[in-house]
$ cat upload08.csv   # CSV, C-alpha atoms and all ligand atoms
chain,number,residue,atom,x,y,z
A,377,MET,CA,139.0,56.5,78.3
A,378,GLU,CA,140.6,59.7,79.6
A,379,LEU,CA,143.6,57.6,80.7
A,380,VAL,CA,144.2,56.7,77.1
A,381,ARG,CA,146.6,59.0,75.1
A,382,LYS,CA,144.9,61.6,72.9
A,383,ASN,CA,146.3,60.4,69.7
A,384,ILE,CA,145.1,56.9,70.4
A,385,ARG,CA,141.6,58.1,71.3
A,386,SER,CA,141.3,59.8,67.9
A,387,VAL,CA,142.8,57.1,65.8
A,388,GLU,CA,140.4,55.5,63.3
A,389,ALA,CA,140.2,51.7,63.6
A,390,TYR,CA,141.4,49.8,60.5
A,391,VAL,CA,138.5,48.2,58.7
A,392,ALA,CA,139.5,44.8,57.4
A,393,GLY,CA,137.7,43.0,54.6
A,394,LYS,CA,134.8,41.0,56.0
A,395,PRO,CA,135.9,37.5,56.8
A,396,ILE,CA,134.2,34.6,55.0
A,397,GLU,CA,133.3,32.7,58.3
A,398,GLU,CA,131.8,35.8,59.8
A,399,THR,CA,129.6,36.4,56.7
A,400,LYS,CA,128.4,32.8,56.7
A,401,ARG,CA,127.5,33.0,60.4
A,402,GLU,CA,125.8,36.3,60.3
A,403,LEU,CA,123.8,35.7,57.1
A,404,GLY,CA,123.3,32.0,57.4
A,405,LEU,CA,125.0,31.4,54.1
A,406,SER,CA,126.8,28.1,53.2
A,407,SER,CA,128.7,29.4,50.2
A,408,VAL,CA,130.6,32.7,50.4
A,409,ILE,CA,133.3,34.1,48.3
A,410,LYS,CA,135.7,36.9,49.4
A,411,LEU,CA,136.9,39.4,46.8
A,412,ALA,CA,137.7,42.1,49.4
A,413,SER,CA,141.3,42.0,50.5
A,414,ASN,CA,143.3,41.5,47.4
A,415,GLU,CA,144.4,38.1,48.5
A,416,ASN,CA,145.5,35.4,46.2
A,417,PRO,CA,142.5,33.1,45.6
A,418,PHE,CA,144.5,30.1,44.6
A,419,GLY,CA,146.0,29.5,48.0
A,420,PRO,CA,149.7,29.4,48.9
A,421,SER,CA,152.1,27.6,46.6
A,422,PRO,CA,152.2,23.9,47.3
A,423,LYS,CA,155.9,24.2,48.0
A,424,ALA,CA,155.2,26.8,50.7
A,425,LEU,CA,152.5,24.7,52.2
A,426,ALA,CA,154.9,21.7,52.4
A,427,ALA,CA,157.6,23.8,54.0
A,428,MET,CA,155.1,25.2,56.6
A,429,LYS,CA,153.9,21.7,57.5
A,430,LYS,CA,157.5,20.6,58.1
A,431,ALA,CA,158.3,23.7,60.1
A,432,ILE,CA,155.3,23.5,62.4
A,433,GLY,CA,156.9,20.7,64.5
A,434,GLU,CA,159.7,23.0,65.5
A,435,VAL,CA,157.6,25.8,67.1
A,436,ASN,CA,158.7,25.0,70.6
A,437,ARG,CA,161.8,26.9,69.5
A,438,TYR,CA,162.0,30.6,68.9
A,439,PRO,CA,162.4,31.6,65.3
A,440,ASP,CA,165.8,32.8,64.0
A,441,SER,CA,165.6,36.5,65.0
A,442,GLN,CA,167.9,37.3,62.0
A,443,SER,CA,165.9,35.2,59.5
A,444,PHE,CA,169.3,34.4,58.1
A,445,TYR,CA,168.3,31.9,55.4
A,446,LEU,CA,165.3,33.9,54.2
A,447,LYS,CA,167.3,37.1,53.9
A,448,LYS,CA,170.1,35.2,52.1
A,449,LYS,CA,167.7,33.8,49.6
A,450,LEU,CA,165.9,37.1,49.0
A,451,ALA,CA,169.3,38.9,48.6
A,452,LEU,CA,170.3,36.3,46.0
A,453,ALA,CA,167.1,36.6,44.1
A,454,LEU,CA,167.2,40.4,44.1
A,455,ARG,CA,170.9,40.7,43.6
A,456,ILE,CA,171.4,42.8,46.7
A,457,LYS,CA,173.1,42.3,50.0
A,458,PRO,CA,171.3,40.8,53.0
A,459,GLU,CA,172.3,44.0,54.8
A,460,ASN,CA,169.9,45.8,52.5
A,461,ILE,CA,166.9,43.9,53.7
A,462,VAL,CA,164.7,44.4,56.8
A,463,LEU,CA,161.9,41.9,57.3
A,464,GLY,CA,158.5,42.9,58.8
A,465,ASN,CA,155.4,41.2,60.1
A,466,GLY,CA,153.8,42.1,56.8
A,467,SER,CA,154.6,45.5,55.3
A,468,ASP,CA,152.1,46.9,57.9
A,469,GLU,CA,154.8,46.5,60.5
A,470,LEU,CA,157.4,48.0,58.2
A,471,ILE,CA,155.4,51.2,58.0
A,472,ASP,CA,155.5,51.3,61.8
A,473,ILE,CA,159.3,50.5,61.9
A,474,LEU,CA,160.0,53.2,59.4
A,475,ILE,CA,158.1,55.9,61.2
A,476,LYS,CA,159.6,54.9,64.6
A,477,THR,CA,163.1,54.9,63.2
A,478,PHE,CA,163.0,58.1,61.1
A,479,VAL,CA,160.4,60.6,62.1
A,480,GLU,CA,161.2,63.1,64.9
A,481,ASP,CA,158.3,64.7,66.8
A,482,ASP,CA,158.6,68.0,64.9
A,483,GLU,CA,158.9,66.3,61.5
A,484,THR,CA,156.0,65.3,59.2
A,485,ILE,CA,154.9,62.4,57.0
A,486,LEU,CA,153.4,63.0,53.6
A,487,THR,CA,151.2,60.8,51.4
A,488,SER,CA,148.1,61.0,49.2
A,489,GLU,CA,144.4,61.0,50.0
A,490,ASN,CA,142.6,57.8,48.9
A,491,THR,CA,145.5,55.6,49.5
A,492,PHE,CA,146.4,52.7,51.8
A,493,VAL,CA,144.9,53.8,55.2
A,494,GLU,CA,147.6,52.2,57.3
A,495,TYR,CA,150.0,55.1,56.7
A,496,ALA,CA,147.6,57.5,58.4
A,497,ILE,CA,146.6,55.1,61.2
A,498,ILE,CA,150.2,54.2,62.1
A,499,ALA,CA,151.4,57.8,61.9
A,500,ARG,CA,148.6,58.7,64.4
A,501,ILE,CA,149.5,55.8,66.7
A,502,ASN,CA,153.0,57.1,66.8
A,503,ASN,CA,151.8,60.6,67.4
A,504,LYS,CA,153.3,62.0,64.2
A,505,LYS,CA,151.8,64.5,61.9
A,506,LEU,CA,150.7,63.3,58.5
A,507,LEU,CA,149.8,65.6,55.6
A,508,THR,CA,148.0,64.5,52.4
A,509,VAL,CA,147.3,65.9,48.9
A,510,PRO,CA,144.4,64.7,46.7
A,511,LEU,CA,144.7,62.1,44.0
A,512,LYS,CA,144.5,63.4,40.4
A,513,ASP,CA,142.6,61.2,38.0
A,514,PHE,CA,142.8,58.4,40.5
A,515,ARG,CA,146.6,58.7,40.5
A,516,TYR,CA,149.2,60.0,42.9
A,517,ASP,CA,149.7,63.7,42.1
A,518,LEU,CA,153.5,63.8,42.3
A,519,ALA,CA,153.7,67.5,41.4
A,520,ALA,CA,151.3,68.4,44.3
A,521,LEU,CA,153.2,66.1,46.6
A,522,LYS,CA,156.5,67.8,45.7
A,523,ARG,CA,155.1,71.2,46.4
A,524,LYS,CA,154.2,70.1,49.9
A,525,ILE,CA,157.6,68.8,50.7
A,526,THR,CA,159.7,70.9,53.1
A,527,ALA,CA,162.9,70.3,55.1
A,528,LYS,CA,160.6,68.9,57.8
A,529,THR,CA,159.1,66.3,55.6
A,530,LYS,CA,160.9,63.1,56.7
A,531,LEU,CA,158.9,60.3,55.0
A,532,VAL,CA,156.8,60.3,51.9
A,533,PHE,CA,154.7,57.2,51.4
A,534,ILE,CA,153.8,56.4,47.8
A,535,ALA,CA,151.8,53.2,47.2
A,536,ASN,CA,152.9,52.3,43.7
A,537,PRO,CA,150.6,50.8,42.5
A,538,ASN,CA,148.0,52.6,44.6
A,539,ASN,CA,145.4,50.8,46.6
A,540,PRO,CA,142.4,51.2,46.2
A,541,THR,CA,142.7,52.7,42.7
A,542,GLY,CA,145.0,50.2,41.0
A,543,THR,CA,146.9,53.0,39.2
A,544,TYR,CA,150.7,53.6,39.2
A,545,VAL,CA,153.1,56.4,38.7
A,546,GLY,CA,155.5,56.0,35.8
A,547,LYS,CA,159.3,56.1,35.8
A,548,LYS,CA,159.7,59.5,34.0
A,549,ALA,CA,157.3,61.2,36.4
A,550,PHE,CA,158.9,59.6,39.4
A,551,ASP,CA,162.4,60.6,38.4
A,552,ALA,CA,161.3,64.2,37.9
A,553,PHE,CA,159.7,64.1,41.3
A,554,LEU,CA,162.9,62.8,42.9
A,555,SER,CA,165.2,65.5,41.5
A,556,GLY,CA,165.9,68.4,43.8
A,557,LEU,CA,164.2,67.0,46.9
A,558,PRO,CA,165.7,67.9,50.3
A,559,ARG,CA,168.5,65.5,51.3
A,560,THR,CA,166.6,64.9,54.6
A,561,THR,CA,163.5,63.4,52.9
A,562,ILE,CA,163.1,59.7,52.3
A,563,ILE,CA,160.6,58.4,49.7
A,564,VAL,CA,159.0,55.0,50.6
A,565,LEU,CA,157.7,53.1,47.6
A,566,ASP,CA,155.1,50.6,48.8
A,567,GLU,CA,155.3,47.9,46.1
A,568,ALA,CA,152.8,45.4,47.5
A,569,TYR,CA,151.4,44.6,44.0
A,570,ASP,CA,154.7,44.8,41.9
A,571,THR,CA,154.4,41.1,40.9
A,572,PHE,CA,151.3,41.9,38.9
A,573,ILE,CA,152.8,44.8,36.9
A,574,ASP,CA,152.6,44.4,33.2
A,575,VAL,CA,153.8,47.8,32.0
A,576,LYS,CA,157.3,48.8,31.0
A,577,ASP,CA,157.6,52.3,32.6
A,578,TYR,CA,157.2,51.1,36.2
A,579,PRO,CA,159.9,52.6,38.5
A,580,ARG,CA,161.1,49.8,40.8
A,581,GLY,CA,162.4,51.1,44.1
A,582,ILE,CA,165.3,48.7,44.2
A,583,ALA,CA,166.8,50.5,41.2
A,584,TYR,CA,167.5,53.6,43.4
A,585,LEU,CA,169.3,51.7,46.1
A,586,GLY,CA,172.5,53.5,47.0
A,587,LYS,CA,171.6,56.4,44.6
A,588,LYS,CA,168.6,58.2,46.1
A,589,ASN,CA,166.8,58.3,49.4
A,590,VAL,CA,164.3,55.7,48.3
A,591,ILE,CA,163.1,52.7,50.3
A,592,ALA,CA,161.0,49.9,48.7
A,593,MET,CA,158.5,47.8,50.7
A,594,LYS,CA,157.3,44.5,49.4
A,595,THR,CA,155.2,41.7,50.7
A,596,PHE,CA,154.4,38.0,50.4
A,597,SER,CA,150.7,38.8,51.2
A,598,LYS,CA,149.4,39.3,47.7
A,599,ALA,CA,150.8,37.4,44.6
A,600,TYR,CA,152.7,34.9,46.8
A,601,GLY,CA,149.5,33.9,48.6
A,602,LEU,CA,150.8,34.2,52.1
A,603,ALA,CA,148.7,37.0,53.6
A,604,GLY,CA,148.0,34.8,56.7
A,605,ALA,CA,151.7,34.1,57.3
A,606,ARG,CA,152.7,37.8,57.6
A,607,VAL,CA,156.0,38.5,55.8
A,608,GLY,CA,157.0,41.7,54.2
A,609,TYR,CA,160.4,43.3,53.6
A,610,ALA,CA,162.0,46.6,53.0
A,611,ILE,CA,164.9,47.2,50.7
A,612,ALA,CA,167.0,50.1,52.1
A,613,ASP,CA,170.4,51.6,52.3
A,614,ALA,CA,172.8,49.6,54.5
A,615,ARG,CA,173.5,52.7,56.5
A,616,TRP,CA,169.9,52.7,57.6
A,617,THR,CA,169.0,49.1,58.0
A,618,PRO,CA,170.9,48.5,61.3
A,619,TYR,CA,168.6,51.1,62.9
A,620,LEU,CA,165.5,49.6,61.4
A,621,GLU,CA,166.7,46.3,62.8
A,622,ARG,CA,166.9,47.7,66.3
A,623,THR,CA,163.4,49.1,66.1
A,624,ARG,CA,161.7,45.9,65.1
A,625,GLN,CA,160.6,43.2,67.5
A,626,PRO,CA,163.3,40.5,67.6
A,627,PHE,CA,161.0,37.6,66.7
A,628,ASN,CA,158.7,39.5,64.3
A,629,ILE,CA,158.9,36.8,61.6
A,630,ASN,CA,157.6,33.6,63.0
A,631,LEU,CA,159.3,30.2,62.3
A,632,VAL,CA,156.5,28.9,60.1
A,633,ALA,CA,156.4,32.1,58.1
A,634,GLN,CA,160.2,32.1,57.5
A,635,ALA,CA,159.9,28.6,56.1
A,636,ALA,CA,156.9,29.5,53.9
A,637,ALA,CA,158.5,32.6,52.4
A,638,GLN,CA,161.7,30.8,51.5
A,639,ALA,CA,159.8,28.0,49.8
A,640,ALA,CA,157.5,30.5,48.0
A,641,LEU,CA,160.6,32.2,46.5
A,642,ASP,CA,161.5,28.9,44.8
A,643,ASP,CA,158.1,28.4,43.2
A,644,THR,CA,158.5,30.7,40.2
A,645,ALA,CA,156.1,28.5,38.1
A,646,PHE,CA,153.3,29.2,40.7
A,647,LEU,CA,153.9,32.9,40.5
A,648,ALA,CA,153.8,32.8,36.7
A,649,ARG,CA,150.5,31.0,36.9
A,650,ILE,CA,149.1,33.6,39.3
A,651,ARG,CA,150.1,36.4,37.0
A,652,ARG,CA,148.5,34.7,34.0
A,653,GLU,CA,145.2,33.9,35.8
A,654,THR,CA,145.0,37.4,37.3
A,655,LEU,CA,145.4,39.0,33.8
A,656,LYS,CA,142.8,36.7,32.4
A,657,GLY,CA,140.4,37.5,35.2
A,658,LYS,CA,141.0,41.2,34.9
A,659,ARG,CA,140.1,41.1,31.2
A,660,PHE,CA,136.9,39.3,32.1
A,661,LEU,CA,136.0,41.9,34.7
A,662,TYR,CA,136.8,44.7,32.3
A,663,ASP,CA,134.6,43.2,29.6
A,664,SER,CA,131.8,42.5,32.0
A,665,CYS,CA,131.9,46.1,33.3
A,666,THR,CA,131.8,47.4,29.7
A,667,ALA,CA,128.8,45.1,28.9
A,668,LEU,CA,127.0,46.5,32.0
A,669,GLY,CA,127.8,50.1,31.2
A,670,LEU,CA,129.9,50.5,34.3
A,671,PRO,CA,133.1,52.6,34.2
A,672,TYR,CA,136.2,51.2,35.8
A,673,VAL,CA,139.7,52.4,36.5
A,674,PRO,CA,142.3,50.5,34.5
A,675,SER,CA,144.4,48.6,37.0
A,676,VAL,CA,148.0,47.2,37.0
A,677,THR,CA,147.1,45.1,40.1
A,678,ASN,CA,144.9,42.2,41.1
A,679,PHE,CA,141.9,44.4,41.9
A,680,VAL,CA,139.6,46.8,40.0
A,681,LEU,CA,137.8,49.9,41.2
A,682,ILE,CA,134.4,49.9,39.6
A,683,ASP,CA,131.9,52.8,39.4
A,684,VAL,CA,128.6,51.0,40.0
A,685,LYS,CA,126.8,54.4,39.5
A,686,ARG,CA,124.6,54.0,42.6
A,687,ASP,CA,125.2,54.0,46.3
A,688,CYS,CA,128.2,51.7,46.8
A,689,ARG,CA,127.1,50.8,50.3
A,690,GLU,CA,123.8,49.5,49.0
A,691,VAL,CA,125.5,47.5,46.3
A,692,PHE,CA,128.0,46.1,48.8
A,693,LYS,CA,125.1,45.0,51.1
A,694,ALA,CA,123.2,43.4,48.2
A,695,LEU,CA,126.2,41.5,47.1
A,696,LEU,CA,126.9,40.4,50.6
A,697,LYS,CA,123.4,39.0,51.0
A,698,GLN,CA,124.2,36.8,48.0
A,699,GLY,CA,127.5,35.6,49.6
A,700,VAL,CA,129.9,37.9,47.6
A,701,ILE,CA,132.2,40.1,49.8
A,702,VAL,CA,133.7,43.1,48.1
A,703,ARG,CA,134.8,46.5,49.4
A,704,ASP,CA,132.7,49.6,49.2
A,705,MET,CA,134.6,52.8,48.9
A,706,LYS,CA,132.4,55.0,51.3
A,707,GLN,CA,135.4,55.3,53.6
A,708,TYR,CA,137.3,57.0,50.7
A,709,HIS,CA,134.4,59.2,49.8
A,710,LEU,CA,134.2,57.5,46.4
A,711,ASP,CA,130.5,57.0,47.1
A,712,THR,CA,129.6,55.0,43.9
A,713,PHE,CA,132.7,52.8,43.8
A,714,ILE,CA,133.4,49.3,44.8
A,715,ARG,CA,136.8,47.6,44.8
A,716,VAL,CA,136.8,44.0,43.6
A,717,THR,CA,139.7,41.6,44.0
A,718,ILE,CA,140.2,39.3,41.0
A,719,GLY,CA,139.3,35.8,42.1
A,720,THR,CA,139.3,32.4,40.5
A,721,GLU,CA,137.4,32.1,37.2
A,722,ALA,CA,134.4,30.7,39.0
A,723,GLU,CA,134.5,33.5,41.6
A,724,ASN,CA,134.7,36.2,39.0
A,725,LYS,CA,131.8,34.7,37.1
A,726,ARG,CA,129.7,34.5,40.3
A,727,PHE,CA,130.5,38.1,41.1
A,728,VAL,CA,129.5,39.3,37.7
A,729,ARG,CA,126.3,37.2,37.7
A,730,THR,CA,125.3,38.6,41.1
A,731,LEU,CA,126.1,42.2,40.2
A,732,THR,CA,124.2,41.9,37.0
A,733,ARG,CA,121.1,40.7,38.9
A,734,ILE,CA,121.4,43.5,41.5
A,735,ILE,CA,121.8,46.2,39.0
A,736,GLY,CA,119.0,44.9,36.8
A,737,ARG,CA,116.7,44.8,39.8
A,738,GLN,CA,117.6,48.4,40.8
A,739,HIS,CA,117.0,49.5,37.3
A,740,SER,CA,113.5,48.2,37.0
A,741,ARG,CA,112.4,49.8,40.2
A,801,LIG,C1,147.9,44.8,50.9
A,801,LIG,C2,148.8,45.9,51.0
A,801,LIG,C3,149.9,45.9,51.8
A,801,LIG,C4,150.4,44.6,52.5
A,801,LIG,O1,150.3,44.5,53.8
A,801,LIG,P1,150.9,43.3,54.5
A,801,LIG,O2,151.0,43.8,55.9
A,801,LIG,O3,152.3,43.0,53.9
A,801,LIG,O4,150.0,42.2,54.4
A,801,LIG,C5,150.8,47.0,51.9
A,801,LIG,N1,150.5,48.1,51.2
A,801,LIG,C6,149.4,48.1,50.4
A,801,LIG,C7,149.2,49.3,49.5
A,801,LIG,C8,148.5,47.1,50.3
A,801,LIG,O5,147.5,47.2,49.5

$ encode --input "upload08.csv" --output "C-alpha cells"
Amino acid sequence: MELVRKNIRSVEAYVAGKPIEETKRELGLSSVIKLASNENPFGPSPKALAAMKKAIGEVNRYPDSQSFYLKKKLALALRIKPENIVLGNGSDELIDILIKTFVEDDETILTSENTFVEYAIIARINNKKLLTVPLKDFRYDLAALKRKITAKTKLVFIANPNNPTGTYVGKKAFDAFLSGLPRTTIIVLDEAYDTFIDVKDYPRGIAYLGKKNVIAMKTFSKAYGLAGARVGYAIADARWTPYLERTRQPFNINLVAQAAAQAALDDTAFLARIRRETLKGKRFLYDSCTALGLPYVPSVTNFVLIDVKRDCREVFKALLKQGVIVRDMKQYHLDTFIRVTIGTEAENKRFVRTLTRIIGRQHSR
C-alpha cells in the first residue's frame, strides 16, 4: 500500500451502474431491467451488429492503428478533415489523453461539481489539480467557472448536456463565457448526449473548430448503442491532434469496434428511431412523475433526475429488490434524487409501476 503513489491511494474508484447479471445472481431474480447507465435499451443497430459479426473472424490481426476508414467516414459525415479527429476507447480514454497531452504539473483543470465523475478521477490518476464550482439550478454555472479561470487553467471540462442532471448550457451563455478567456485555456465540451438534443440554442463544439480553443468529445456509447464496443472521438484543431495521437495507445480502437462504428454511422434510420422512442419515453416519465407528485429536472438527454422526496438510497434498494436498477445520487450529495435512464416502453412502465408501489408503501407507514 505505501508502495503505491499517493495520488493513486487517494483516488476514488469509479462506481459503475450495477450489471444485470450481478443483480440476478445476488438477489435470485430472473427478470432484471437496467436503467442505470444511460445505455441504449434497443441494442446496437442491426447494421452494426452484422459488421461486427463479419469483423470478428479477423481478430488474429491487429486493428488499423490509424482507424483510417472510420476517421474518413466520420470526417465526411461531420464535414471536417480526418486530421481533426482523434479516436478514443470511449470518451473516458479521451479525457485521459487530453489531460496527459495538455496539462503541465503546475497547471490546473476546472469543471463543475455534480458532473461526470471521470474528470476528477482521471485528473487525480494523472496527479493533476482539479478545481470545481457548484452547479446553479442543476446547471453549469458558467459565470462562476469563468471567475475561477486563470492563466494556469489549462483544461475546462463542460459536460454539455450535463450528467447526472440532464441540463445544458445555451449558445448565448457559452459564447459570452468564451469571450476574453486566456489564450492558454482550452474548453472541452463533452457532448456524449448530443444526439438526443431537441433544442435550438445548443452550442455544438464543432462550430468553434479553428476559431476558438474548443475541443468537442463525442461517443458511440449512448444513442448509437455501442457502449460495450468502446468508441469515442474528439474533434480538435489540427495543430493539436498529432500530439493527442502520440499520447494514445496505438491500438486503442479494436478491430470489431472500428467495424461497428462505421456501420452505425450508416444507419441513420436507426438513430432517428432511437430519438423518437427516447422522447416518447421521456414524456411518459415526466407525466408519471407529475402524477406521483415527484419533481424532476427537465432533461435534453436520455435520462431524468427525479426527486423521490425520501432517502434515495432506500428507494434505490427497494427498486433493486424488484429487479429495477437505477442510480441513486448519494455520491453527488443529492440525497433525495435518483437518475433514471429512459428504457423501452415496457421498461419505463415497469419502473413507474414499481416506483408507485414503493412510494405508496412508504406513505402508508
Ligand atoms: C456516458 C458518458 C460518457 C461516455 O463515456 P464513454 O467512455 O464514451 O462510454 C462521457 N461523458 C459523459 C458526461 C457521459 O455521461

$ closest_atom_pairs --input "upload08.csv" --of "chain A" --to "ligand LIG 801 (chain A)" --cutoff "9 Å" --atoms "all atoms listed in the file" --output "tab-separated table"
residue	atom	partner	partner_atom	distance
A:Ser413	CA	A:LIG801	C1	7.2
A:Asn414	CA	A:LIG801	C1	6.7
A:Glu415	CA	A:LIG801	C1	7.9
A:Gly464	CA	A:LIG801	O3	7.9
A:Asn465	CA	A:LIG801	O2	6.6
A:Gly466	CA	A:LIG801	O3	3.4
A:Ser467	CA	A:LIG801	O3	3.7
A:Asp468	CA	A:LIG801	O2	3.8
A:Glu469	CA	A:LIG801	O2	6.5
A:Leu470	CA	A:LIG801	O2	8.0
A:Ile471	CA	A:LIG801	C5	8.7
A:Thr491	CA	A:LIG801	C7	7.3
A:Phe492	CA	A:LIG801	C7	5.0
A:Val493	CA	A:LIG801	C7	8.4
A:Glu494	CA	A:LIG801	N1	7.9
A:Tyr495	CA	A:LIG801	N1	8.9
A:Ile534	CA	A:LIG801	C7	8.6
A:Ala535	CA	A:LIG801	C7	5.2
A:Asn536	CA	A:LIG801	C7	7.5
A:Pro537	CA	A:LIG801	C7	7.3
A:Asn538	CA	A:LIG801	C7	6.0
A:Asn539	CA	A:LIG801	C7	5.0
A:Pro540	CA	A:LIG801	O5	7.3
A:Asp566	CA	A:LIG801	N1	5.8
A:Glu567	CA	A:LIG801	N1	7.0
A:Ala568	CA	A:LIG801	C5	5.1
A:Tyr569	CA	A:LIG801	O5	7.2
A:Met593	CA	A:LIG801	C5	7.8
A:Lys594	CA	A:LIG801	O3	6.9
A:Thr595	CA	A:LIG801	O3	4.5
A:Phe596	CA	A:LIG801	O3	6.5
A:Ser597	CA	A:LIG801	O4	4.7
A:Lys598	CA	A:LIG801	C1	6.5
A:Leu602	CA	A:LIG801	O4	8.4
A:Ala603	CA	A:LIG801	O4	5.4
A:Gly604	CA	A:LIG801	O4	8.0
A:Ala605	CA	A:LIG801	O4	8.8
A:Arg606	CA	A:LIG801	O4	6.1
A:Val607	CA	A:LIG801	O3	6.1
A:Gly608	CA	A:LIG801	O3	4.9
A:Tyr609	CA	A:LIG801	O3	8.1

$ atom_distance --input "upload08.csv" --atom1 "CA of Phe444 in chain A" --atom2 "CA of Phe572 in chain A"
27.4 Å

$ residues_around --input "upload08.csv" --residues "Ala427 in chain A" --least-positions-apart "5" --cutoff "12 Å" --atoms "only C-alpha atoms" --output "ChimeraX atom specification"
/A:420-422,432-434,631-643

$ write_last_selection --input "upload08.csv" --atoms "C-alpha atoms" --output "PDB file, in the coordinates of the input"
ATOM      1  CA  PRO A 420     149.700  29.400  48.900  1.00  0.00           C
ATOM      2  CA  SER A 421     152.100  27.600  46.600  1.00  0.00           C
ATOM      3  CA  PRO A 422     152.200  23.900  47.300  1.00  0.00           C
ATOM      4  CA  ILE A 432     155.300  23.500  62.400  1.00  0.00           C
ATOM      5  CA  GLY A 433     156.900  20.700  64.500  1.00  0.00           C
ATOM      6  CA  GLU A 434     159.700  23.000  65.500  1.00  0.00           C
ATOM      7  CA  LEU A 631     159.300  30.200  62.300  1.00  0.00           C
ATOM      8  CA  VAL A 632     156.500  28.900  60.100  1.00  0.00           C
ATOM      9  CA  ALA A 633     156.400  32.100  58.100  1.00  0.00           C
ATOM     10  CA  GLN A 634     160.200  32.100  57.500  1.00  0.00           C
ATOM     11  CA  ALA A 635     159.900  28.600  56.100  1.00  0.00           C
ATOM     12  CA  ALA A 636     156.900  29.500  53.900  1.00  0.00           C
ATOM     13  CA  ALA A 637     158.500  32.600  52.400  1.00  0.00           C
ATOM     14  CA  GLN A 638     161.700  30.800  51.500  1.00  0.00           C
ATOM     15  CA  ALA A 639     159.800  28.000  49.800  1.00  0.00           C
ATOM     16  CA  ALA A 640     157.500  30.500  48.000  1.00  0.00           C
ATOM     17  CA  LEU A 641     160.600  32.200  46.500  1.00  0.00           C
ATOM     18  CA  ASP A 642     161.500  28.900  44.800  1.00  0.00           C
ATOM     19  CA  ASP A 643     158.100  28.400  43.200  1.00  0.00           C
TER      20      ASP A 643
END

$ residues_around --input "upload08.csv" --residues "Ile563 in chain A" --least-positions-apart "5" --cutoff "7 Å" --atoms "all atoms listed in the file" --output "PyMOL selection string"
chain A and resi 531-533+589-591

$ axis_aligned_box --input "upload08.csv" --around "range 687-697 of chain A" --padding-each-side "3 Å" --output "JSON"
{"center_x": 125.7, "center_y": 46.5, "center_z": 48.7, "size_x": 11.0, "size_y": 21.0, "size_z": 10.8}

$ residues_around --input "upload08.csv" --residues "range 449-458 of chain A" --least-positions-apart "3" --cutoff "9 Å" --atoms "only C-alpha atoms" --output "PDB file with C-alpha atoms, in the coordinates of the input"
ATOM      1  CA  PHE A 444     169.300  34.400  58.100  1.00  0.00           C
ATOM      2  CA  TYR A 445     168.300  31.900  55.400  1.00  0.00           C
ATOM      3  CA  LEU A 446     165.300  33.900  54.200  1.00  0.00           C
ATOM      4  CA  ILE A 461     166.900  43.900  53.700  1.00  0.00           C
ATOM      5  CA  VAL A 462     164.700  44.400  56.800  1.00  0.00           C
ATOM      6  CA  ILE A 582     165.300  48.700  44.200  1.00  0.00           C
ATOM      7  CA  ILE A 611     164.900  47.200  50.700  1.00  0.00           C
ATOM      8  CA  ALA A 614     172.800  49.600  54.500  1.00  0.00           C
ATOM      9  CA  GLN A 638     161.700  30.800  51.500  1.00  0.00           C
ATOM     10  CA  LEU A 641     160.600  32.200  46.500  1.00  0.00           C
TER      11      LEU A 641
END

$ atom_distance --input "upload08.csv" --atom1 "CA of Ala667 in chain A" --atom2 "CA of Asp574 in chain A"
24.2 Å

$ atom_distance --input "upload08.csv" --atom1 "CA of Arg703 in chain A" --atom2 "CA of Leu731 in chain A"
13.4 Å

$ closest_residue --input "upload08.csv" --among "A:Pro417, A:Gly404, A:Pro618, A:Gly699" --to "Thr477 in chain A" --atoms "all atoms listed in the file"
A:Pro618

$ residues_around --input "upload08.csv" --residues "range 649-651 of chain A" --least-positions-apart "4" --cutoff "7 Å" --atoms "all atoms listed in the file" --output "PyMOL selection string"
chain A and resi 572+599+645+655

$ residues_around --input "upload08.csv" --residues "range 501-509 of chain A" --least-positions-apart "6" --cutoff "6 Å" --atoms "all atoms listed in the file" --output "list in words"
Asn383, Ile384, Thr484, Ile485, Leu486, Thr487, Ser488 and Glu489 of chain A

$ write_last_selection --input "upload08.csv" --atoms "C-alpha atoms" --output "compact mmCIF listing (two decimals), in the frame of the given file"
# COMPACT_ATOMS: atom_id res chain seq x y z
CA ASN A 383 146.30 60.40 69.70
CA ILE A 384 145.10 56.90 70.40
CA THR A 484 156.00 65.30 59.20
CA ILE A 485 154.90 62.40 57.00
CA LEU A 486 153.40 63.00 53.60
CA THR A 487 151.20 60.80 51.40
CA SER A 488 148.10 61.00 49.20
CA GLU A 489 144.40 61.00 50.00

$ closest_residue --input "upload08.csv" --among "A:Ile734, A:Ile718, A:Ala610, A:Leu647" --to "Ala694 in chain A" --atoms "only C-alpha atoms"
A:Ile734

$ closest_residue --input "upload08.csv" --among "A:Ala426, A:Leu670, A:Ala527, A:Ile409" --to "Thr561 in chain A" --atoms "all atoms listed in the file"
A:Ala527

$ residues_near_point --input "upload08.csv" --point "(135.7, 48.1, 44.6)" --cutoff "8 Å" --atoms "only C-alpha atoms" --output "count of residues only"
16

$ build_atoms --input "upload08.csv" --residues "range 702-707 of chain A" --atoms "N, CA and C atoms" --output "mmCIF file, in the frame of the given file"
data_model
loop_
_atom_site.group_PDB
_atom_site.id
_atom_site.type_symbol
_atom_site.label_atom_id
_atom_site.label_comp_id
_atom_site.auth_asym_id
_atom_site.auth_seq_id
_atom_site.Cartn_x
_atom_site.Cartn_y
_atom_site.Cartn_z
ATOM 1 N N VAL A 702 132.795 42.186 48.756
ATOM 2 C CA VAL A 702 133.700 43.100 48.100
ATOM 3 C C VAL A 702 133.963 44.273 49.053
ATOM 4 N N ARG A 703 134.623 45.329 48.603
ATOM 5 C CA ARG A 703 134.800 46.500 49.400
ATOM 6 C C ARG A 703 134.037 47.668 48.847
ATOM 7 N N ASP A 704 133.244 48.348 49.689
ATOM 8 C CA ASP A 704 132.700 49.600 49.200
ATOM 9 C C ASP A 704 133.611 50.727 49.570
ATOM 10 N N MET A 705 133.570 51.792 48.806
ATOM 11 C CA MET A 705 134.600 52.800 48.900
ATOM 12 C C MET A 705 134.046 54.084 49.674
ATOM 13 N N LYS A 706 133.012 53.896 50.500
ATOM 14 C CA LYS A 706 132.400 55.000 51.300
ATOM 15 C C LYS A 706 133.523 55.682 52.134
ATOM 16 N N GLN A 707 134.348 54.857 52.767
ATOM 17 C CA GLN A 707 135.400 55.300 53.600
ATOM 18 C C GLN A 707 136.361 56.326 52.880
#
